[in-house]
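S.K.: Take a look at input.txt, compact mmCIF, C-alpha atoms:
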```txt
# COMPACT_ATOMS: atom_id res chain seq x y z
CA MET A 1 0.00 0.00 0.00
CA THR A 2 1.08 3.55 -0.61
CA LYS A 3 -0.27 6.82 0.69
CA ARG A 4 -1.87 9.28 -1.69
CA ARG A 5 0.46 11.97 -3.00
CA GLY A 6 -0.23 15.25 -4.73
CA GLY A 7 0.00 15.25 -8.50
CA LEU A 8 -1.68 11.87 -9.07
CA LEU A 9 -5.41 11.42 -9.42
CA HIS A 10 -6.97 8.03 -8.77
CA GLY A 11 -10.51 6.70 -8.99
CA ASP A 12 -10.71 6.19 -5.23
CA TRP A 13 -9.61 9.14 -3.12
CA SER A 14 -10.05 7.40 0.20
CA GLY A 15 -7.41 5.56 2.20
CA THR A 16 -4.32 4.12 0.58
CA TRP A 17 -3.68 2.51 -2.78
CA PRO A 18 -2.40 -1.00 -3.47
CA VAL A 19 0.55 -0.96 -5.85
CA ALA A 20 0.58 -3.65 -8.54
CA GLU A 21 4.11 -4.80 -9.31
CA THR A 22 3.94 -7.87 -11.58
CA GLY A 23 1.48 -10.24 -13.18
CA ALA A 24 1.71 -13.86 -14.27
CA GLY A 25 -1.08 -16.05 -15.61
CA VAL A 26 -4.25 -15.43 -13.58
CA TYR A 27 -2.39 -13.72 -10.72
CA LEU A 28 -1.24 -10.22 -9.86
CA TYR A 29 1.39 -9.43 -7.23
CA ASP A 30 1.86 -6.27 -5.20
CA ARG A 31 5.26 -4.85 -4.45
CA ASP A 32 5.38 -6.74 -1.17
CA GLY A 33 5.02 -9.99 -3.10
CA ARG A 34 1.46 -10.72 -2.03
CA GLN A 35 -0.48 -12.81 -4.57
CA PHE A 36 -4.00 -11.96 -5.82
CA LEU A 37 -6.19 -14.21 -7.95
CA ASP A 38 -7.54 -11.97 -10.71
CA ALA A 39 -11.14 -13.17 -10.83
CA VAL A 40 -12.28 -10.29 -13.08
CA GLY A 41 -9.41 -9.95 -15.55
CA GLY A 42 -8.77 -6.44 -14.22
CA ALA A 43 -12.11 -5.11 -15.43
CA HIS A 44 -13.20 -7.87 -17.84
CA VAL A 45 -10.09 -6.97 -19.87
CA VAL A 46 -7.44 -9.68 -19.50
CA THR A 47 -8.19 -12.74 -21.63
CA ILE A 48 -4.86 -14.44 -22.33
CA GLY A 49 -3.43 -13.90 -18.85
CA HIS A 50 -0.79 -11.60 -17.44
CA GLY A 51 2.85 -11.58 -18.48
CA VAL A 52 2.74 -13.23 -21.92
CA SER A 53 6.17 -12.33 -23.29
CA GLU A 54 5.34 -12.79 -26.97
CA ILE A 55 2.87 -9.89 -26.79
CA ALA A 56 5.47 -7.61 -25.20
CA ASN A 57 7.97 -8.66 -27.88
CA ALA A 58 5.53 -7.87 -30.68
CA MET A 59 4.89 -4.43 -29.21
CA ALA A 60 8.60 -3.69 -28.77
CA GLU A 61 9.37 -4.80 -32.32
CA GLN A 62 6.65 -2.55 -33.71
CA ALA A 63 7.76 0.41 -31.56
CA ARG A 64 11.28 0.08 -32.92
CA LYS A 65 9.93 -0.03 -36.48
CA LEU A 66 7.14 2.58 -36.28
CA ALA A 67 5.61 3.93 -33.08
CA TYR A 68 3.15 6.43 -34.54
CA ALA A 69 1.82 7.74 -37.84
CA SER A 70 -1.16 10.10 -38.03
CA SER A 71 -4.38 8.50 -39.26
CA ARG A 72 -5.08 11.70 -41.17
CA THR A 73 -2.41 10.67 -43.63
CA TRP A 74 -1.47 7.04 -43.09
CA VAL A 75 -2.58 3.54 -42.34
CA ASN A 76 -0.05 0.99 -41.09
CA GLU A 77 0.55 -2.74 -41.49
CA PRO A 78 -0.61 -3.97 -38.04
CA GLN A 79 -3.72 -1.81 -38.39
CA LEU A 80 -4.57 -3.38 -41.77
CA GLU A 81 -3.84 -6.93 -40.58
CA LEU A 82 -5.87 -6.53 -37.40
CA ALA A 83 -8.81 -5.04 -39.30
CA GLU A 84 -8.79 -8.05 -41.63
CA LEU A 85 -8.65 -10.44 -38.66
CA ILE A 86 -11.60 -8.69 -37.00
CA ARG A 87 -13.63 -8.84 -40.22
CA SER A 88 -13.03 -12.58 -40.40
CA ARG A 89 -14.66 -13.09 -36.99
CA THR A 90 -17.59 -10.67 -36.95
CA PRO A 91 -21.12 -11.57 -38.15
CA PRO A 92 -21.71 -11.38 -41.94
CA GLY A 93 -21.73 -7.91 -43.45
CA LEU A 94 -19.71 -6.18 -40.72
CA VAL A 95 -16.69 -5.31 -42.81
CA TRP A 96 -15.48 -1.79 -41.99
CA VAL A 97 -13.30 -1.16 -38.90
CA TYR A 98 -12.47 2.15 -37.22
CA PHE A 99 -9.97 1.91 -34.37
CA THR A 100 -10.16 3.89 -31.13
CA SER A 101 -8.22 3.90 -27.86
CA SER A 102 -11.03 2.71 -25.58
CA GLY A 103 -14.58 1.46 -25.31
CA SER A 104 -15.82 4.92 -24.35
CA GLU A 105 -14.29 6.34 -27.52
CA ALA A 106 -15.89 3.52 -29.50
CA ALA A 107 -19.29 4.44 -28.05
CA GLU A 108 -18.77 8.09 -28.98
CA MET A 109 -17.70 7.07 -32.47
CA ALA A 110 -20.75 4.85 -32.94
CA MET A 111 -23.07 7.62 -31.81
CA GLN A 112 -21.56 10.02 -34.33
CA LEU A 113 -21.52 7.43 -37.11
CA ALA A 114 -25.22 6.78 -36.55
CA ARG A 115 -25.88 10.50 -36.86
CA GLN A 116 -23.76 10.81 -39.99
CA TYR A 117 -25.46 7.80 -41.59
CA HIS A 118 -28.86 9.44 -41.30
CA LEU A 119 -27.52 12.80 -42.49
CA GLU A 120 -26.10 11.07 -45.57
CA ARG A 121 -29.60 9.63 -46.17
CA ASN A 122 -31.07 13.14 -45.94
CA GLU A 123 -32.86 12.40 -42.67
CA PRO A 124 -31.40 15.16 -40.47
CA GLU A 125 -34.18 14.88 -37.91
CA ARG A 126 -32.88 11.47 -36.75
CA HIS A 127 -30.65 12.15 -33.76
CA ARG A 128 -32.04 10.28 -30.73
CA ILE A 129 -30.38 7.12 -29.45
CA ILE A 130 -32.47 4.85 -27.26
CA GLY A 131 -30.69 2.80 -24.60
CA ARG A 132 -31.73 0.47 -21.79
CA TRP A 133 -31.97 0.91 -18.05
CA HIS A 134 -29.17 -0.85 -16.13
CA SER A 135 -26.83 -0.38 -19.12
CA TYR A 136 -23.35 1.16 -19.27
CA HIS A 137 -21.54 2.26 -22.42
CA GLY A 138 -18.59 4.30 -21.15
CA GLY A 139 -17.51 7.27 -19.08
CA THR A 140 -17.71 10.16 -21.55
CA LEU A 141 -20.77 12.40 -21.60
CA GLY A 142 -22.10 10.90 -24.80
CA ALA A 143 -21.62 7.35 -23.56
CA VAL A 144 -23.20 8.10 -20.16
CA GLY A 145 -26.10 9.74 -21.97
CA MET A 146 -26.77 6.56 -23.94
CA GLY A 147 -26.41 4.43 -20.81
CA GLY A 148 -29.13 3.85 -18.27
CA HIS A 149 -27.28 3.47 -14.98
CA ALA A 150 -29.07 5.72 -12.50
CA VAL A 151 -26.02 6.59 -10.37
CA HIS A 152 -23.82 7.57 -13.32
CA ARG A 153 -26.62 9.58 -14.87
CA SER A 154 -27.61 11.38 -11.67
CA ARG A 155 -24.24 13.04 -11.13
CA LEU A 156 -24.04 14.28 -14.75
CA GLU A 157 -27.71 14.99 -15.40
CA PRO A 158 -27.28 18.74 -16.11
CA TYR A 159 -24.94 17.93 -19.01
CA LEU A 160 -26.92 15.06 -20.54
CA PRO A 161 -29.46 15.42 -23.35
CA ARG A 162 -32.98 14.28 -22.65
CA ALA A 163 -32.78 10.56 -23.25
CA ARG A 164 -35.21 7.72 -23.70
CA HIS A 165 -34.53 4.31 -22.16
CA VAL A 166 -36.39 1.03 -22.29
CA ALA A 167 -36.61 -1.86 -19.87
CA SER A 168 -33.72 -4.31 -19.60
CA PRO A 169 -34.57 -7.96 -20.35
CA GLN A 170 -34.34 -9.15 -16.76
CA CYS A 171 -36.85 -11.92 -16.19
CA ALA A 172 -35.91 -12.36 -12.51
CA HIS A 173 -36.94 -8.74 -11.80
CA CYS A 174 -39.38 -8.11 -14.64
CA PRO A 175 -40.42 -4.43 -14.54
CA PHE A 176 -43.76 -5.41 -16.09
CA ASP A 177 -44.41 -8.17 -13.53
CA LEU A 178 -44.83 -10.73 -16.32
CA ASN A 179 -43.50 -14.22 -16.99
CA HIS A 180 -41.76 -15.57 -20.08
CA PRO A 181 -42.92 -16.75 -22.61
CA SER A 182 -46.50 -15.61 -21.93
CA CYS A 183 -45.14 -12.05 -21.71
CA GLU A 184 -44.58 -12.11 -25.50
CA ILE A 185 -41.19 -10.48 -24.82
CA LYS A 186 -42.64 -7.23 -23.54
CA CYS A 187 -39.11 -5.98 -22.76
CA ALA A 188 -38.41 -6.03 -26.53
CA THR A 189 -41.69 -4.51 -27.67
CA ASP A 190 -41.13 -1.76 -25.08
CA LEU A 191 -38.75 -0.41 -27.73
CA VAL A 192 -41.75 0.20 -30.02
CA ASP A 193 -43.43 2.32 -27.34
CA ALA A 194 -40.21 4.31 -26.83
CA ILE A 195 -39.79 4.92 -30.56
CA GLU A 196 -43.39 6.08 -30.95
CA HIS A 197 -43.16 8.28 -27.86
CA ALA A 198 -39.96 9.95 -29.10
CA GLY A 199 -41.29 10.28 -32.64
CA HIS A 200 -40.04 7.51 -34.93
CA GLU A 201 -38.71 10.03 -37.45
CA THR A 202 -36.30 11.39 -34.79
CA VAL A 203 -34.73 8.08 -33.66
CA ALA A 204 -31.30 7.19 -35.07
CA ALA A 205 -30.29 4.03 -33.18
CA PHE A 206 -30.87 1.59 -30.36
CA ILE A 207 -27.88 0.46 -28.28
CA ALA A 208 -27.61 -2.60 -26.04
CA GLU A 209 -25.04 -4.92 -24.48
CA PRO A 210 -25.87 -8.42 -25.84
CA ILE A 211 -25.03 -9.79 -22.39
CA GLY A 212 -24.76 -7.22 -19.64
CA GLY A 213 -21.50 -6.12 -18.06
CA THR A 214 -20.71 -4.69 -14.65
CA THR A 215 -23.83 -2.60 -14.08
CA SER A 216 -26.38 -5.30 -14.92
CA GLY A 217 -24.36 -8.35 -13.88
CA ALA A 218 -24.12 -10.66 -16.93
CA LEU A 219 -27.79 -10.11 -17.69
CA GLU A 220 -29.07 -12.37 -20.48
CA PRO A 221 -32.27 -11.80 -22.48
CA PRO A 222 -35.06 -14.36 -22.92
CA THR A 223 -35.30 -16.44 -26.09
CA GLY A 224 -36.32 -14.37 -29.10
CA TYR A 225 -35.40 -10.99 -27.61
CA TYR A 226 -32.69 -9.91 -30.06
CA GLU A 227 -34.52 -11.31 -33.06
CA SER A 228 -37.44 -9.11 -32.07
CA ILE A 229 -35.15 -6.10 -31.54
CA ARG A 230 -33.62 -6.57 -35.01
CA SER A 231 -37.09 -6.73 -36.58
CA ILE A 232 -38.24 -3.56 -34.78
CA CYS A 233 -35.13 -1.63 -35.83
CA ASP A 234 -35.64 -2.70 -39.45
CA GLU A 235 -39.30 -1.69 -39.36
CA TYR A 236 -38.49 1.82 -38.17
CA GLY A 237 -35.25 2.36 -40.12
CA ILE A 238 -33.17 2.49 -36.93
CA LEU A 239 -29.59 1.24 -36.50
CA PHE A 240 -28.92 -1.49 -33.94
CA ILE A 241 -25.66 -0.93 -32.04
CA ALA A 242 -24.29 -3.94 -30.14
CA ASP A 243 -21.97 -2.88 -27.32
CA GLU A 244 -19.47 -5.75 -27.11
CA VAL A 245 -16.81 -3.82 -25.19
CA VAL A 246 -16.97 -6.45 -22.43
CA THR A 247 -18.18 -9.47 -24.40
CA GLY A 248 -16.24 -9.17 -27.66
CA PHE A 249 -13.41 -11.52 -28.68
CA GLY A 250 -14.43 -14.65 -26.88
CA ARG A 251 -15.51 -13.92 -23.33
CA THR A 252 -18.93 -15.57 -23.67
CA GLY A 253 -17.60 -18.60 -25.56
CA ARG A 254 -18.25 -17.07 -29.00
CA ASP A 255 -16.19 -14.48 -30.86
CA PHE A 256 -19.01 -12.00 -30.19
CA ALA A 257 -21.89 -12.45 -27.78
CA ILE A 258 -24.51 -11.41 -30.34
CA GLN A 259 -23.60 -14.61 -32.23
CA HIS A 260 -25.56 -16.56 -29.61
CA TRP A 261 -28.68 -15.20 -31.37
CA ASN A 262 -29.88 -14.78 -34.93
CA ALA A 263 -29.60 -10.99 -35.06
CA ILE A 264 -26.92 -9.10 -36.97
CA PRO A 265 -26.25 -5.57 -35.66
CA ASP A 266 -25.38 -2.54 -37.77
CA LEU A 267 -22.46 -1.53 -35.57
CA ILE A 268 -20.41 -3.41 -32.99
CA LEU A 269 -18.35 -1.72 -30.28
CA CYS A 270 -15.36 -3.59 -28.91
CA SER A 271 -12.34 -2.87 -26.76
CA LYS A 272 -11.38 -4.75 -23.60
CA GLY A 273 -10.64 -8.23 -24.96
CA LEU A 274 -9.20 -6.93 -28.22
CA ALA A 275 -5.71 -6.40 -26.80
CA SER A 276 -6.21 -8.15 -23.41
CA GLY A 277 -5.00 -5.05 -21.58
CA TYR A 278 -1.54 -5.08 -23.14
CA ALA A 279 -2.31 -1.75 -24.83
CA PRO A 280 -5.27 0.65 -24.92
CA LEU A 281 -7.32 -0.32 -27.98
CA GLY A 282 -10.92 -0.28 -29.14
CA ALA A 283 -12.84 -0.39 -32.38
CA VAL A 284 -16.17 0.20 -34.08
CA VAL A 285 -17.08 -2.44 -36.66
CA VAL A 286 -19.61 -1.18 -39.19
CA HIS A 287 -22.01 -3.07 -41.46
CA GLU A 288 -21.44 -2.59 -45.17
CA ARG A 289 -24.87 -0.98 -45.66
CA VAL A 290 -23.85 1.82 -43.27
CA ALA A 291 -20.32 2.08 -44.66
CA ASP A 292 -21.58 2.15 -48.25
CA THR A 293 -23.98 4.98 -47.45
CA ILE A 294 -21.16 7.12 -46.04
CA ARG A 295 -18.71 6.17 -48.79
CA ASP A 296 -21.25 6.97 -51.52
CA GLY A 297 -22.16 10.23 -49.79
CA THR A 298 -19.53 12.58 -48.38
CA GLY A 299 -16.93 9.81 -48.60
CA SER A 300 -15.28 10.43 -45.23
CA VAL A 301 -15.93 10.05 -41.51
CA SER A 302 -16.50 13.33 -39.72
CA LEU A 303 -14.79 12.40 -36.45
CA ARG A 304 -11.02 11.85 -36.38
CA MET A 305 -9.10 10.63 -33.34
CA THR A 306 -5.39 11.20 -32.78
CA TYR A 307 -4.54 7.62 -31.84
CA SER A 308 -6.87 5.79 -34.21
CA GLY A 309 -5.01 2.77 -35.59
CA HIS A 310 -2.01 3.34 -33.31
CA PRO A 311 0.69 0.97 -34.65
CA VAL A 312 1.90 -0.38 -31.29
CA SER A 313 -1.61 -0.89 -29.95
CA CYS A 314 -2.66 -2.65 -33.15
CA ALA A 315 0.45 -4.83 -33.00
CA ALA A 316 -0.56 -5.81 -29.46
CA GLY A 317 -4.12 -6.59 -30.55
CA LEU A 318 -2.90 -8.64 -33.49
CA ALA A 319 -0.50 -10.66 -31.31
CA VAL A 320 -3.21 -11.24 -28.69
CA GLN A 321 -5.78 -12.46 -31.21
CA ARG A 322 -3.28 -14.79 -32.86
CA HIS A 323 -2.38 -16.16 -29.42
CA ILE A 324 -6.06 -16.78 -28.69
CA ALA A 325 -6.48 -18.61 -32.01
CA ASP A 326 -3.31 -20.69 -31.60
CA LEU A 327 -4.38 -21.91 -28.14
CA HIS A 328 -8.11 -22.25 -29.01
CA LEU A 329 -8.92 -20.03 -26.03
CA VAL A 330 -12.45 -19.12 -27.16
CA ASP A 331 -13.44 -22.80 -26.99
CA ARG A 332 -11.63 -23.07 -23.67
CA CYS A 333 -13.53 -20.04 -22.40
CA ALA A 334 -16.81 -21.80 -23.20
CA SER A 335 -15.86 -25.07 -21.48
CA MET A 336 -14.31 -23.42 -18.43
CA GLY A 337 -17.34 -21.17 -18.21
CA ASP A 338 -19.60 -24.21 -17.99
CA TYR A 339 -17.40 -25.71 -15.27
CA LEU A 340 -17.17 -22.51 -13.25
CA LYS A 341 -20.89 -21.76 -13.54
CA GLU A 342 -21.70 -25.25 -12.23
CA ARG A 343 -19.37 -24.76 -9.26
CA LEU A 344 -20.78 -21.29 -8.52
CA THR A 345 -24.32 -22.66 -8.70
CA GLU A 346 -23.42 -25.34 -6.15
CA MET A 347 -21.93 -22.66 -3.94
CA GLY A 348 -25.03 -20.49 -4.32
CA LYS A 349 -27.35 -23.28 -3.19
CA ALA A 350 -25.34 -23.57 0.02
CA SER A 351 -25.23 -19.82 0.65
CA ALA A 352 -27.77 -17.82 2.62
CA PHE A 353 -27.16 -14.76 0.44
CA VAL A 354 -27.07 -15.93 -3.21
CA SER A 355 -30.29 -15.69 -5.24
CA GLU A 356 -29.01 -16.44 -8.75
CA VAL A 357 -25.95 -17.34 -10.81
CA ARG A 358 -26.13 -16.26 -14.46
CA GLY A 359 -24.08 -15.50 -17.56
CA ARG A 360 -22.24 -17.35 -20.34
CA GLY A 361 -18.66 -18.40 -20.86
CA LEU A 362 -16.37 -16.56 -18.49
CA LEU A 363 -18.72 -13.63 -17.98
CA LEU A 364 -20.68 -14.74 -14.92
CA ALA A 365 -22.45 -13.01 -12.07
CA VAL A 366 -23.57 -14.00 -8.60
CA GLU A 367 -26.63 -12.06 -7.46
CA LEU A 368 -26.74 -11.32 -3.74
CA ALA A 369 -29.92 -10.97 -1.71
CA ALA A 370 -30.77 -10.41 1.93
CA GLU A 371 -33.51 -13.06 1.68
CA PRO A 372 -33.13 -15.06 -1.57
CA ASP A 373 -36.18 -17.25 -0.96
CA ARG A 374 -38.43 -14.22 -0.68
CA GLY A 375 -36.65 -12.16 -3.31
CA VAL A 376 -35.68 -9.44 -0.84
CA ALA A 377 -32.67 -7.47 -2.08
CA PHE A 378 -30.07 -5.77 0.07
CA PRO A 379 -30.86 -2.05 0.47
CA ARG A 380 -28.20 0.08 -1.22
CA ILE A 381 -27.32 1.68 2.11
CA GLU A 382 -25.89 -1.66 3.28
CA ARG A 383 -23.28 -1.68 0.46
CA ALA A 384 -23.39 -5.47 0.24
CA GLN A 385 -21.30 -5.96 -2.89
CA GLU A 386 -18.65 -3.50 -1.71
CA ARG A 387 -18.27 -5.50 1.52
CA VAL A 388 -17.83 -8.76 -0.39
CA VAL A 389 -15.29 -7.20 -2.77
CA ALA A 390 -13.30 -5.77 0.14
CA GLU A 391 -13.36 -9.09 2.02
CA ALA A 392 -12.18 -10.95 -1.08
CA PHE A 393 -9.29 -8.52 -1.47
CA ARG A 394 -8.22 -9.20 2.09
CA ARG A 395 -8.23 -12.90 1.24
CA GLY A 396 -6.15 -12.43 -1.90
CA MET A 397 -8.72 -12.23 -4.70
CA LEU A 398 -9.77 -9.40 -7.00
CA LEU A 399 -13.51 -9.05 -7.62
CA MET A 400 -15.86 -6.44 -9.06
CA GLY A 401 -19.41 -5.72 -7.99
CA GLY A 402 -22.44 -3.83 -9.19
CA SER A 403 -25.61 -2.42 -7.66
CA GLY A 404 -29.13 -1.53 -8.70
CA THR A 405 -29.67 -5.16 -9.71
CA ALA A 406 -33.23 -5.51 -8.46
CA SER A 407 -34.65 -2.01 -8.73
CA SER A 408 -32.28 0.89 -8.87
CA PRO A 409 -30.58 1.60 -6.57
CA ASP A 410 -31.19 -1.56 -4.50
CA GLY A 411 -29.81 -5.01 -5.23
CA ASP A 412 -26.22 -6.25 -5.58
CA HIS A 413 -24.19 -8.65 -7.67
CA ILE A 414 -20.61 -9.87 -7.99
CA LEU A 415 -18.96 -10.25 -11.40
CA ILE A 416 -16.72 -13.20 -12.28
CA SER A 417 -14.69 -12.78 -15.50
CA PRO A 418 -11.21 -14.31 -15.13
CA PRO A 419 -8.67 -14.81 -17.93
CA PHE A 420 -9.55 -17.60 -20.38
CA ILE A 421 -6.53 -19.63 -19.23
CA LEU A 422 -8.11 -20.32 -15.82
CA THR A 423 -7.64 -23.97 -14.80
CA GLU A 424 -10.17 -26.08 -12.92
CA ALA A 425 -7.98 -25.95 -9.82
CA GLU A 426 -7.84 -22.16 -10.02
CA GLY A 427 -11.60 -22.09 -10.58
CA ASP A 428 -12.09 -24.20 -7.46
CA LEU A 429 -9.94 -21.76 -5.49
CA LEU A 430 -11.96 -18.83 -6.88
CA VAL A 431 -15.25 -20.40 -5.73
CA GLU A 432 -13.82 -21.24 -2.30
CA LEU A 433 -12.56 -17.69 -1.74
CA LEU A 434 -15.84 -16.21 -2.95
CA GLN A 435 -17.85 -18.46 -0.65
CA GLN A 436 -15.69 -17.44 2.32
CA SER A 437 -15.89 -13.76 1.38
CA ILE A 438 -19.69 -13.74 1.09
CA ALA A 439 -20.10 -15.55 4.40
CA ALA A 440 -17.66 -13.27 6.22
CA ALA A 441 -18.95 -9.99 4.73
CA LEU A 442 -22.70 -10.56 4.91
CA VAL A 443 -23.27 -12.34 8.19
CA GLU A 444 -26.05 -10.83 10.29
CA GLY A 445 -24.88 -7.80 12.21
CA HIS A 446 -21.62 -7.46 10.25
```
Give the structure from the file, written as structure tokens.

M.R.:
Amino acid sequence: MTKRRGGLLHGDWSGTWPVAETGAGVYLYDRDGRQFLDAVGGAHVVTIGHGVSEIANAMAEQARKLAYASSRTWVNEPQLELAELIRSRTPPGLVWVYFTSSGSEAAEMAMQLARQYHLERNEPERHRIIGRWHSYHGGTLGAVGMGGHAVHRSRLEPYLPRARHVASPQCAHCPFDLNHPSCEIKCATDLVDAIEHAGHETVAAFIAEPIGGTTSGALEPPTGYYESIRSICDEYGILFIADEVVTGFGRTGRDFAIQHWNAIPDLILCSKGLASGYAPLGAVVVHERVADTIRDGTGSVSLRMTYSGHPVSCAAGLAVQRHIADLHLVDRCASMGDYLKERLTEMGKASAFVSEVRGRGLLLAVELAAEPDRGVAFPRIERAQERVVAEAFRRGMLLMGGSGTASSPDGDHILISPPFILTEAEGDLLVELLQQSIAAALVEGH
């Protein structure tokens, strides 16, 4: 631990900071040599594990050859090769790639591309983007505006445009008090109501995480949800943006989470798993019908970013994706996800505070509840997930939690998203430490 010093800003201004020194496999080590099991891959970022020397070598080689060339003038070899690799793995028709430095930048880029697409079609009135409650798309103003996380929105409300959000597809806490399938997927058709309320001629796009990330806790939709969403977007001439910043490049056991359903988006956002944390890197992948409209119109993208297609970052992403392919880590992610979900489910049945285990691949969540049998969530004031995360850290494991699970702001969940190289033995240790942490943090009167 180190005390806070002037001149350095950190996300948490309270207390002292742990100092990460090294990483190897699924573990991080502080400068005192203490070992931490990285059960969330940093922040759903690390896929291939820490300390893979071939990635560092690829980055160093590229830096020696060419560290930077402005995207206003140039493209570069790793950028071209990585774009081709991405195109080979995305759903059919998604062929155009614009690189960014983060998921938040990718969200901003997608928002502006959606606007430009409609301008090119001579529909200047289309500017609204509809999102979902419980969603998160990044930390910039535009990304927060599209997102529907109440806490993030509340602190920035004066700066945000008036937004329209629809219900998240959360059957366990259905906002309509319905049951699937008799509900006829009301959470999807809620989009129709939102479009009509906003004025269908003003709506540019709908954005959603195919499987939820931190703020919704690996939330999965019911059968038929995304097929219905795709149909609604087509009917109203609206773009469908799939936010795969967390899920992209294998985390759910498919290259992209939307591939679990028969629904092809118009734009895909990706970032975290693209370079596995070895370099800052994100991208927007655009369907040919959108790209063709822009190419046949003004012929250029309005927004330019200084580090788009950064050679060293792209070299890192290329090396990471080749490593994933060589070791068949997407398939491993699927199989290890099944194993870990089964173990977590067993743990949950034995716990007095676990109401549900959900997710796919190695994007899993454990929902906490004060009284699981009665569906009584922890009040936000009790900070349940924060207590579990802190207890796990004391025991040598890194976790991430979210709140607002049941009805914002109440309800808590814990995210589990380790590197794809997790072994069964390491998964067993993860479950054991989580079980101990929940019991120790949430006992009555704690």

S.K.: For Arg358 of chain A, which residue among A:Arg132, A:Ala172, A:Ala325, A:Tyr117 is the nearest when counting all atoms listed in the file?

M.R.: A:Ala172

S.K.: Determine, for each residue of segment 304-389 of chain A having at least one atom at most 9 Å from an atom of segment 66-71 of chain A, the closest pair of atoms and their separation in Å to one decimal, counting all atoms listed in the file; order by chain and ascending number, as JSON lines.

M.R.:
```
{"residue": "A:Arg304", "atom": "CA", "partner": "A:Ser71", "partner_atom": "CA", "distance": 8.0}
{"residue": "A:Met305", "atom": "CA", "partner": "A:Ser71", "partner_atom": "CA", "distance": 7.9}
{"residue": "A:Thr306", "atom": "CA", "partner": "A:Ser70", "partner_atom": "CA", "distance": 6.8}
{"residue": "A:Tyr307", "atom": "CA", "partner": "A:Ser71", "partner_atom": "CA", "distance": 7.5}
{"residue": "A:Ser308", "atom": "CA", "partner": "A:Ser71", "partner_atom": "CA", "distance": 6.2}
{"residue": "A:Gly309", "atom": "CA", "partner": "A:Ser71", "partner_atom": "CA", "distance": 6.8}
{"residue": "A:His310", "atom": "CA", "partner": "A:Tyr68", "partner_atom": "CA", "distance": 6.1}
{"residue": "A:Pro311", "atom": "CA", "partner": "A:Ala67", "partner_atom": "CA", "distance": 6.0}
{"residue": "A:Val312", "atom": "CA", "partner": "A:Ala67", "partner_atom": "CA", "distance": 6.0}
```

S.K.: Those same residues - C-alpha atoms - I'd like them written as an mmCIF file, in the frame of the given file.

M.R.:
```
data_model
loop_
_atom_site.group_PDB
_atom_site.id
_atom_site.type_symbol
_atom_site.label_atom_id
_atom_site.label_comp_id
_atom_site.auth_asym_id
_atom_site.auth_seq_id
_atom_site.Cartn_x
_atom_site.Cartn_y
_atom_site.Cartn_z
ATOM 1 C CA ARG A 304 -11.020 11.850 -36.380
ATOM 2 C CA MET A 305 -9.100 10.630 -33.340
ATOM 3 C CA THR A 306 -5.390 11.200 -32.780
ATOM 4 C CA TYR A 307 -4.540 7.620 -31.840
ATOM 5 C CA SER A 308 -6.870 5.790 -34.210
ATOM 6 C CA GLY A 309 -5.010 2.770 -35.590
ATOM 7 C CA HIS A 310 -2.010 3.340 -33.310
ATOM 8 C CA PRO A 311 0.690 0.970 -34.650
ATOM 9 C CA VAL A 312 1.900 -0.380 -31.290
#
```

S.K.: Edge lengths and centre, in Å to one decimal, as AutoDock Vina command-line options: that's what I need for the box along x, y and z that holds all listed atoms of segment 292-297 of chain A plus 6 Å on each side.

M.R.:
```
--center_x -21.3 --center_y 6.2 --center_z -48.8 --size_x 17.3 --size_y 20.1 --size_z 17.5
```

S.K.: Do a neighbour search on segment 432-435 of chain A at 8 Å with all atoms listed in the file, toss out local chain neighbours closer than 5 positions, and write the hits as a PyMOL selection string.

M.R.: chain A and resi 347+351+392+395+397

S.K.: One decimal, Å: what's the distance from atom CA of Phe378 of chain A over to atom CA of His134 of chain A, could you say?

M.R.: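 Those two atoms sit 17.0 Å apart.
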
S.K.: Fewer than 6 positions away in the same chain doesn't count, so skip those; otherwise give me all residues within 10 Å of Thr90 of chain A, counting only C-alpha atoms, as a list in words.

M.R.: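 My list of contacting residues is Gly248, Phe249, Asp255, Phe256, Ile258, Gln259, Ile264, Ile268, Val285, Val286 and His287 of chain A.
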
S.K.: Using all atoms listed in the file, which residue out of A:Trp133, A:Tyr278, A:Phe206, A:Tyr236 lies closest to Asn57 of chain A?

M.R.: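 When distances to Asn57 of chain A are compared using all atoms listed in the file, the smallest one comes from A:Tyr278.
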
S.K.: Taking all atoms listed in the file into account, name the residue in A:Pro124, A:Gly148, A:Gly402, A:Gly427 that is nearest to Asp338 of chain A.

M.R.: A:Gly427

S.K.: In Å, how far is it from atom CA of Gly411 of chain A to atom CA of Val151 of chain A?

M.R.: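 Between atom CA of Gly411 of chain A and atom CA of Val151 of chain A the gap is 13.2 Å.
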
S.K.: Would you list the contacts of Asp266 of chain A as a list in words, taking every protein, DNA or RNA residue within 6 Å and counting all atoms listed in the file, but skipping same-chain residues closer than 4 positions in sequence?

M.R.: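 The filter keeps Leu239, Phe240, Ile241 and His287 of chain A.
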
S.K.: Starting from the point (-18.1, 8.5, -21.9), work out which residues of protein, DNA or RNA have an atom no more than 10 Å away when counting all atoms listed in the file; state them as a list of chain:residue names.

M.R.: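 Residues with an atom at most 10 Å from (-18.1, 8.5, -21.9): A:Ser102, A:Gly103, A:Ser104, A:Glu105, A:Ala106, A:Ala107, A:Glu108, A:Tyr136, A:His137, A:Gly138, A:Gly139, A:Thr140, A:Leu141, A:Gly142, A:Ala143, A:Val144, A:Gly145, A:Met146, A:Gly147.
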
S.K.: One number please: atom CA of Leu327 of chain A to atom CA of Ser313 of chain A, in Å, one decimal.

M.R.: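 A separation of 21.3 Å between them.
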